[in-house]
Every structure is written in structure tokens, then in C-alpha cells.
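This is work_25.txt. It holds compact mmCIF, C-alpha atoms.
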```
# COMPACT_ATOMS: atom_id res chain seq x y z
CA MET A 1 75.03 -36.05 38.00
CA LEU A 2 73.16 -36.08 41.28
CA LEU A 3 75.23 -39.05 42.47
CA LYS A 4 78.43 -37.17 41.61
CA LEU A 5 77.15 -34.18 43.51
CA ILE A 6 76.36 -36.22 46.59
CA VAL A 7 79.74 -37.99 46.46
CA LEU A 8 81.64 -34.72 46.12
CA SER A 9 79.68 -33.09 48.96
CA SER A 10 80.22 -36.01 51.34
CA ALA A 11 83.89 -36.23 50.31
CA SER A 12 84.41 -32.57 51.08
CA LEU A 13 82.86 -32.95 54.53
CA THR A 14 84.87 -36.09 55.23
CA LEU A 15 88.15 -34.57 54.04
CA TRP A 16 87.47 -31.51 56.16
CA LEU A 17 86.49 -33.14 59.45
CA VAL A 18 88.19 -36.54 59.63
CA PRO A 19 91.88 -35.43 59.37
CA LEU A 20 91.32 -32.52 61.74
CA VAL A 21 89.73 -34.75 64.39
CA GLY A 22 91.73 -37.94 63.83
CA LEU A 23 95.26 -36.63 63.31
CA ASP A 24 97.62 -34.94 65.75
CA LYS A 25 98.61 -31.34 65.01
CA LYS A 26 101.97 -31.73 66.75
CA VAL A 27 103.20 -34.48 64.43
CA GLY A 28 104.75 -33.04 61.30
CA TRP A 29 103.45 -35.47 58.66
CA HIS A 30 100.00 -35.46 60.28
CA LYS A 31 99.93 -31.72 59.85
CA GLY A 32 100.93 -32.10 56.21
CA ILE A 33 98.10 -34.54 55.58
CA GLN A 34 95.67 -32.19 57.29
CA GLY A 35 96.68 -29.35 54.96
CA ALA A 36 96.44 -31.53 51.85
CA SER A 37 93.06 -32.90 52.86
CA LEU A 38 91.77 -29.37 53.54
CA CYS A 39 92.87 -28.29 50.05
CA ALA A 40 91.18 -31.33 48.54
CA ALA A 41 88.04 -30.68 50.61
CA VAL A 42 87.84 -27.08 49.33
CA ALA A 43 88.24 -28.31 45.76
CA CYS A 44 85.50 -30.94 46.22
CA ALA A 45 83.10 -28.45 47.80
CA VAL A 46 83.65 -25.84 45.09
CA THR A 47 83.22 -28.45 42.33
CA ALA A 48 80.04 -29.73 43.93
CA GLY A 49 78.78 -26.17 44.27
CA ASN A 50 79.48 -25.44 40.59
CA ILE A 51 77.68 -28.61 39.47
CA ALA A 52 74.70 -27.81 41.67
CA ARG A 53 74.61 -24.24 40.35
CA LYS A 54 74.57 -25.44 36.74
CA GLN A 55 71.79 -27.88 37.56
CA SER A 56 69.83 -25.15 39.28
CA GLU A 57 70.20 -22.82 36.28
CA GLN A 58 69.08 -25.58 33.92
CA GLU A 59 66.04 -26.22 36.11
CA GLU A 60 65.20 -22.52 36.02
CA ILE A 61 65.51 -22.48 32.21
CA GLU A 62 63.27 -25.54 31.97
CA ALA A 63 60.72 -23.88 34.22
CA ILE A 64 60.79 -20.74 32.05
CA LYS A 65 60.37 -22.87 28.90
CA THR A 66 57.43 -24.71 30.45
CA ARG A 67 55.80 -21.44 31.43
CA ALA A 68 56.36 -20.02 27.92
CA ILE A 69 54.88 -23.13 26.26
CA THR A 70 51.87 -23.04 28.56
CA ALA A 71 51.33 -19.35 27.81
CA ASP A 72 51.62 -20.05 24.05
CA VAL A 73 49.08 -22.86 24.24
CA ILE A 74 46.65 -20.72 26.23
CA ASP A 75 47.08 -17.86 23.77
CA GLU A 76 46.54 -20.17 20.79
CA ILE A 77 43.41 -21.67 22.31
CA SER A 78 41.94 -18.30 23.16
CA THR A 79 42.79 -16.94 19.68
CA SER A 80 41.21 -19.93 17.94
CA ALA A 81 38.13 -19.63 20.15
CA TYR A 82 37.86 -15.95 19.30
CA ILE A 83 38.28 -16.63 15.56
CA SER A 84 35.75 -19.47 15.59
CA GLN A 85 33.31 -17.22 17.42
CA GLN A 86 33.79 -14.56 14.76
CA GLN A 87 33.30 -17.14 12.01
CA ARG A 88 30.10 -18.39 13.63
CA GLN A 89 28.85 -14.84 13.97
CA GLN A 90 29.60 -14.10 10.31
CA GLU A 91 27.91 -17.32 9.20
CA ALA A 92 24.88 -16.49 11.32
CA GLU A 93 24.72 -13.01 9.83
CA GLN A 94 24.96 -14.48 6.33
CA ILE A 95 22.17 -16.93 7.05
CA LEU A 96 19.95 -14.31 8.62
CA ASN A 97 20.48 -11.69 5.96
CA PRO A 98 21.22 -13.31 2.60
CA ARG A 99 19.82 -10.40 0.62
CA GLU A 100 22.23 -7.89 2.09
CA HIS A 101 25.08 -10.30 1.53
CA LEU A 102 24.07 -10.73 -2.09
CA GLU A 103 23.74 -6.98 -2.57
CA ARG A 104 27.25 -6.48 -1.29
CA ALA A 105 28.53 -9.17 -3.59
CA LEU A 106 26.66 -7.63 -6.48
CA VAL A 107 28.03 -4.19 -5.77
CA LEU A 108 31.49 -5.66 -5.97
CA THR A 109 30.59 -7.43 -9.20
CA TYR A 110 29.05 -4.25 -10.58
CA ASP A 111 32.15 -2.25 -9.80
CA GLU A 112 34.25 -4.62 -11.83
CA GLY A 113 32.47 -3.81 -15.11
CA GLU A 114 29.19 -2.66 -16.52
CA ARG A 115 28.76 -5.87 -18.50
CA SER A 116 27.87 -7.64 -15.33
CA GLU A 117 24.90 -5.32 -14.67
CA PRO A 118 22.18 -7.50 -16.26
CA ILE A 119 23.53 -10.56 -14.50
CA ALA A 120 23.51 -8.66 -11.23
CA GLN A 121 19.94 -7.47 -11.72
CA ASN A 122 18.80 -10.99 -12.49
CA GLN A 123 20.53 -12.33 -9.44
CA LEU A 124 18.98 -9.61 -7.27
CA ALA A 125 15.51 -10.26 -8.66
CA GLN A 126 15.93 -13.97 -8.10
CA ALA A 127 17.10 -13.35 -4.54
CA GLU A 128 14.08 -11.08 -3.93
CA GLN A 129 11.74 -13.74 -5.26
CA ASN A 130 13.36 -16.40 -3.09
CA GLY A 131 13.24 -14.05 -0.12
CA SER A 132 9.55 -13.30 -0.59
CA GLU A 133 8.80 -17.02 -0.94
CA ASN A 134 10.76 -17.72 2.21
CA GLY A 135 8.94 -14.89 3.97
CA GLU A 136 5.56 -16.23 2.88
CA SER A 137 6.34 -19.72 4.05
CA GLU A 138 7.64 -18.40 7.36
CA ARG A 139 4.52 -16.30 7.84
CA THR A 140 2.28 -19.22 6.97
CA GLU A 141 4.09 -21.40 9.42
CA ARG A 142 3.83 -18.73 12.09
CA ILE A 143 0.10 -18.33 11.39
CA HIS A 144 -0.41 -22.05 11.86
CA GLN A 145 1.53 -21.99 15.09
CA LEU A 146 -0.55 -19.13 16.47
CA GLN A 147 -3.78 -20.73 15.29
CA ALA A 148 -2.77 -23.88 17.12
CA LYS A 149 -2.41 -21.76 20.25
CA GLY A 150 -5.96 -20.59 19.75
CA TRP A 151 -5.23 -17.05 18.64
CA GLY A 152 -7.76 -15.12 16.58
CA LYS A 153 -7.26 -13.44 13.20
CA ALA A 154 -6.89 -9.87 14.53
CA LYS A 155 -4.36 -10.94 17.14
CA ILE A 156 -2.35 -12.92 14.58
CA ILE A 157 -2.29 -9.95 12.18
CA LEU A 158 -1.16 -7.72 15.02
CA GLU A 159 1.53 -10.22 15.94
CA ILE A 160 2.90 -10.85 12.45
CA TRP A 161 2.27 -7.63 10.53
CA GLY A 162 2.22 -5.30 13.52
CA VAL A 163 -1.07 -3.68 12.46
CA SER A 164 -3.94 -3.29 14.88
CA LYS A 165 -7.52 -3.87 13.85
CA GLY A 166 -9.32 -0.89 12.25
CA GLY A 167 -10.29 0.53 8.95
CA SER A 168 -6.76 1.48 7.90
CA GLN A 169 -5.35 0.61 4.52
CA LYS A 170 -2.44 -1.26 6.08
CA TYR A 171 -4.75 -3.50 8.07
CA LYS A 172 -6.80 -4.25 5.00
CA ALA A 173 -3.68 -5.16 3.05
CA ALA A 174 -2.45 -7.34 5.91
CA GLU A 175 -5.85 -9.00 6.19
CA ALA A 176 -5.86 -9.71 2.45
CA GLU A 177 -2.41 -11.19 2.65
CA TYR A 178 -3.46 -13.27 5.65
CA GLU A 179 -6.44 -14.63 3.75
CA CYS A 180 -4.28 -15.35 0.75
CA LEU A 181 -1.76 -17.24 2.83
CA ILE A 182 -4.52 -19.24 4.55
CA GLN A 183 -6.00 -20.14 1.17
CA LYS A 184 -2.60 -21.13 -0.22
CA SER A 185 -1.81 -23.30 2.73
CA GLY A 186 -5.29 -24.82 2.59
CA GLY A 187 -4.85 -25.53 -1.14
CA GLN A 188 -1.54 -27.20 -0.55
CA MET B 1 69.10 -27.78 43.88
CA ARG B 2 69.58 -24.10 44.64
CA ALA B 3 69.79 -24.88 48.36
CA MET B 4 72.33 -27.60 47.60
CA TYR B 5 74.67 -25.30 45.71
CA LEU B 6 74.39 -22.63 48.39
CA ALA B 7 75.14 -25.26 51.06
CA ASN B 8 78.17 -26.49 49.10
CA TYR B 9 79.59 -23.00 48.76
CA PHE B 10 78.97 -22.46 52.47
CA VAL B 11 80.85 -25.67 53.30
CA ALA B 12 83.65 -24.56 50.97
CA GLY B 13 83.86 -21.31 52.95
CA CYS B 14 83.99 -23.21 56.24
CA ILE B 15 86.78 -25.45 54.96
CA ALA B 16 88.67 -22.45 53.60
CA SER B 17 88.55 -20.73 56.98
CA SER B 18 89.79 -23.98 58.64
CA PHE B 19 92.58 -23.95 56.07
CA LEU B 20 93.43 -20.39 57.11
CA GLY B 21 93.65 -21.60 60.73
CA TRP B 22 95.89 -24.43 59.62
CA VAL B 23 98.16 -21.98 57.75
CA ALA B 24 98.24 -19.78 60.87
CA SER B 25 99.37 -22.73 62.97
CA LEU B 26 102.39 -23.41 60.73
CA HIS B 27 104.61 -20.48 61.79
CA PRO B 28 104.36 -17.34 63.96
CA MET B 29 104.80 -15.15 60.89
CA SER B 30 101.97 -16.91 59.07
CA PHE B 31 99.90 -16.51 62.25
CA ARG B 32 100.49 -12.75 62.12
CA ALA B 33 99.68 -12.63 58.44
CA ILE B 34 96.42 -14.52 58.95
CA ALA B 35 95.56 -12.35 61.97
CA PHE B 36 96.14 -9.24 59.85
CA LEU B 37 94.01 -10.73 57.05
CA LEU B 38 91.18 -11.53 59.48
CA ALA B 39 91.38 -8.04 60.99
CA ALA B 40 91.15 -6.48 57.53
CA LEU B 41 88.28 -8.77 56.71
CA GLY B 42 86.56 -7.73 59.96
CA ILE B 43 86.94 -4.04 59.07
CA VAL B 44 85.59 -4.61 55.56
CA TRP B 45 82.72 -6.69 56.95
CA THR B 46 81.75 -3.98 59.46
CA ALA B 47 81.99 -1.27 56.80
CA ALA B 48 79.85 -3.33 54.45
CA TRP B 49 77.27 -3.88 57.18
CA LEU B 50 77.14 -0.16 57.95
CA LEU B 51 77.06 0.91 54.28
CA ASP B 52 74.63 -1.78 53.24
CA TYR B 53 72.23 0.58 51.43
CA SER B 54 74.80 2.27 49.16
CA LEU B 55 76.71 -0.99 48.69
CA SER B 56 73.57 -2.84 47.60
CA GLN B 57 72.90 -0.08 45.05
CA PHE B 58 76.50 -0.31 43.83
CA LEU B 59 76.38 -4.11 43.52
CA LYS B 60 72.79 -3.99 42.15
CA ILE B 61 71.47 -6.51 44.67
CA SER B 62 68.85 -6.16 47.37
CA ILE B 63 69.77 -5.26 50.95
CA GLN B 64 68.45 -8.62 52.13
CA GLN B 65 70.78 -10.47 49.77
CA LEU B 66 73.77 -8.40 50.88
CA GLN B 67 72.98 -8.96 54.54
CA ALA B 68 72.53 -12.69 53.89
CA VAL B 69 75.99 -12.82 52.27
CA LEU B 70 77.56 -10.91 55.18
CA VAL B 71 75.92 -13.12 57.81
CA SER B 72 76.93 -16.29 55.98
CA VAL B 73 80.55 -15.02 55.68
CA LEU B 74 80.61 -14.42 59.43
CA ALA B 75 79.03 -17.82 60.06
CA PHE B 76 81.45 -19.81 57.94
CA LEU B 77 84.44 -17.98 59.44
CA ILE B 78 83.26 -18.77 62.97
CA ILE B 79 82.38 -22.39 62.13
CA GLY B 80 85.60 -23.07 60.19
CA LEU B 81 87.94 -21.54 62.75
CA GLY B 82 85.92 -23.09 65.58
CA VAL B 83 86.21 -26.57 64.05
CA PHE B 84 89.96 -26.12 63.56
CA LEU B 85 90.56 -24.81 67.09
CA CYS B 86 88.36 -27.39 68.81
CA SER B 87 89.79 -30.38 66.96
```
I'd like the structure from this file rewritten - as C-alpha cells, please.
Amino acid sequence: MLLKLIVLSSASLTLWLVPLVGLDKKVGWHKGIQGASLCAAVACAVTAGNIARKQSEQEEIEAIKTRAITADVIDEISTSAYISQQQRQQEAEQILNPREHLERALVLTYDEGERSEPIAQNQLAQAEQNGSENGESERTERIHQLQAKGWGKAKIILEIWGVSKGGSQKYKAAEAEYECLIQKSGGQ
Amino acid sequence: MRAMYLANYFVAGCIASSFLGWVASLHPMSFRAIAFLLAALGIVWTAAWLLDYSLSQFLKISIQQLQAVLVSVLAFLIIGLGVFLCS
């Protein structure tokens, strides 16, 4: 198509200039050839212009398509990134708070029928037991870490239970739990 | 490619104005007819140049585009007739 365009353009220029320069206007048949070549030159130039215009429009359409595809790809990538971030956040929330998740699930189960109530209570109790065991093991691990750092008992209790040393009931309970955890970990 | 099609249409205009010169050289009556046509074209061109703002609104194109068309029309008329007269 480009070759045709170039040929038509050069033909139009040639048919325009060569007869006008090379032929004599006073000779009758020369003049006739000049007129015919000018008509042919106009036709060639217009045809070449139409071909070039179609090519130009196609190029513009291709450019628009390319831009649209690029925009679609960018949009898809950003959407998938957003969704995966949401999924990760939900998974993290589920991992961090399994009890709440289970309670929600149980509420849904409970709403479905009262027959599921005992099952739900068992599941909740089991989850609480697992949660307390997990909490104990985490606390024990944390105690060992702080002991390795050289921290004392009062400081560890303040760090883990948030109770400062004194004669309060809370501190006594925390101290008892601390001792219990130390004994358990020592027994293991 | 856009420049190529604009150049081709410009060349077509130049050749067409040479063709008008050729037609004018055939007979005194055709010369008068072409002279009248060119005079009318000159009047229209001047009016379009003066009324460029309202004409661009009517044609829904920018003033720059309209002025570019008018300048190119003048250019291909001058070039085409000049080539015919100088050859």
C-alpha cells in the first residue's frame, strides 16, 4: 500500500510538471496532451490522498485500541492487587481473631435453627479452650524471651499482664498465673 | 501518514489550479470565465478570512484549522498558476 502511495504521488508530480515544462503551448496536440496529463495528475494525487487518509485513520484506530488495551491491563492489575490485598487482610484478621470469626459463624448457625444450639455451644467452648491454651503458650514463650533478656518477675508481669507491683488482687492473680506458667514450662 | 495525505491533497490543489490556467489559455471566453471564477473565489476567500470566528463556529472547527485551510488554498492557487505561467 505504501509503494502504491509513493508511485501515485510521484506520478502525479511527474504528470503535472513534465508536460508543462517539456511541451509547447502553441502546438495544438501538445496542448491536448498537457490537458490530459493534468487531468491524470489530479486523479493520481486525489487517489494517493484518499489512500493516505485511510491509512492515517487506521493508524489512529490502532493507536486508540492500543491505548484502550493498556488501560484495561492497568485497571485489571490494580483491581487484582486491591482484591489480593483485601484477601490478605481478611486472612490476617481471621488468623488474629479466630474466636470472633467462630462466634460470627456460630451466630449464623444458631439463626438457622435451635437444634444447632448444643453443637454451637460445644464448638464455642472448644474454641475458648484452644484459645486459652494458645494464650498460655504465648505467655510462656514471652516470659522466656523476657527472662533471656534479663528482666525480673515484676517487670515481666507489668509487661505481659499490665499490672504493676503492689498488694492488689490483680497483681496477686497475675503473680500466681506467672508462677503456674513457670512451673508448667519447667515440668515440660 | 497524515502529513502525506495532506501533502497529496495540496499537490492535487496545485495541479487543479494549473488545470484552470490551462483551460483559461484555450479560448478568450474560457479565460473570462476562469477570471470570473478566480475573482469570486478571491471574494469568498477574503470574506472567510474576515469572518473566521463565526465561520469556524458554523463549520465546528477551530480558527487555526480554518486559517490553515485558507492559507493553503491561497498557496496552491499561487503555486499552480505560477507553475503554469512560468512553464
Write out as JSON lines the residues of chain A that have any atom within 7 Å of an atom of chain B, one row each with the nearest atom pair and its distance in Å to one decimal, counting all atoms listed in the file, sorted by chain and then rising number.
```
{"residue": "A:Ser9", "atom": "CA", "partner": "B:Asn8", "partner_atom": "CA", "distance": 6.8}
{"residue": "A:Trp16", "atom": "CA", "partner": "B:Ile15", "partner_atom": "CA", "distance": 6.2}
{"residue": "A:Leu20", "atom": "CA", "partner": "B:Ser87", "partner_atom": "CA", "distance": 5.8}
{"residue": "A:Val21", "atom": "CA", "partner": "B:Ser87", "partner_atom": "CA", "distance": 5.1}
{"residue": "A:Gly35", "atom": "CA", "partner": "B:Trp22", "partner_atom": "CA", "distance": 6.8}
{"residue": "A:Leu38", "atom": "CA", "partner": "B:Phe19", "partner_atom": "CA", "distance": 6.0}
{"residue": "A:Ala41", "atom": "CA", "partner": "B:Ile15", "partner_atom": "CA", "distance": 6.9}
{"residue": "A:Val42", "atom": "CA", "partner": "B:Ala12", "partner_atom": "CA", "distance": 5.2}
{"residue": "A:Ala45", "atom": "CA", "partner": "B:Ala12", "partner_atom": "CA", "distance": 5.0}
{"residue": "A:Val46", "atom": "CA", "partner": "B:Ala12", "partner_atom": "CA", "distance": 6.0}
{"residue": "A:Ala48", "atom": "CA", "partner": "B:Asn8", "partner_atom": "CA", "distance": 6.4}
{"residue": "A:Gly49", "atom": "CA", "partner": "B:Tyr5", "partner_atom": "CA", "distance": 4.4}
{"residue": "A:Ala52", "atom": "CA", "partner": "B:Tyr5", "partner_atom": "CA", "distance": 4.8}
{"residue": "A:Arg53", "atom": "CA", "partner": "B:Tyr5", "partner_atom": "CA", "distance": 5.5}
{"residue": "A:Gln55", "atom": "CA", "partner": "B:Met1", "partner_atom": "CA", "distance": 6.9}
{"residue": "A:Ser56", "atom": "CA", "partner": "B:Met1", "partner_atom": "CA", "distance": 5.3}
```
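Picture a line from atom CA of A:Gln87 to atom CA of A:Arg139; it runs 29.1 Å.
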Discussion item. Could you list, as a PyMOL selection string, every residue within 10 Å of B:Asp52, counting only C-alpha atoms and ignoring same-chain residues fewer than 5 positions away?
Written reply: chain B and resi 46-47+57-58+62-64+66-67+70
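Of note, atom CA of A:Gly28 and atom CA of B:Leu37 are spaced 25.1 Å apart.
Going from atom CA of A:Trp151 over to atom CA of A:Tyr178, you cover 13.6 Å.
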Residue neighbourhood stretch 160-165 of chain A, 9 Å, all atoms listed in the file, exclusion window fewer than 4 positions, as an NGL selection string:
:A and (139 or 142-143 or 154-156 or 170-172 or 174)
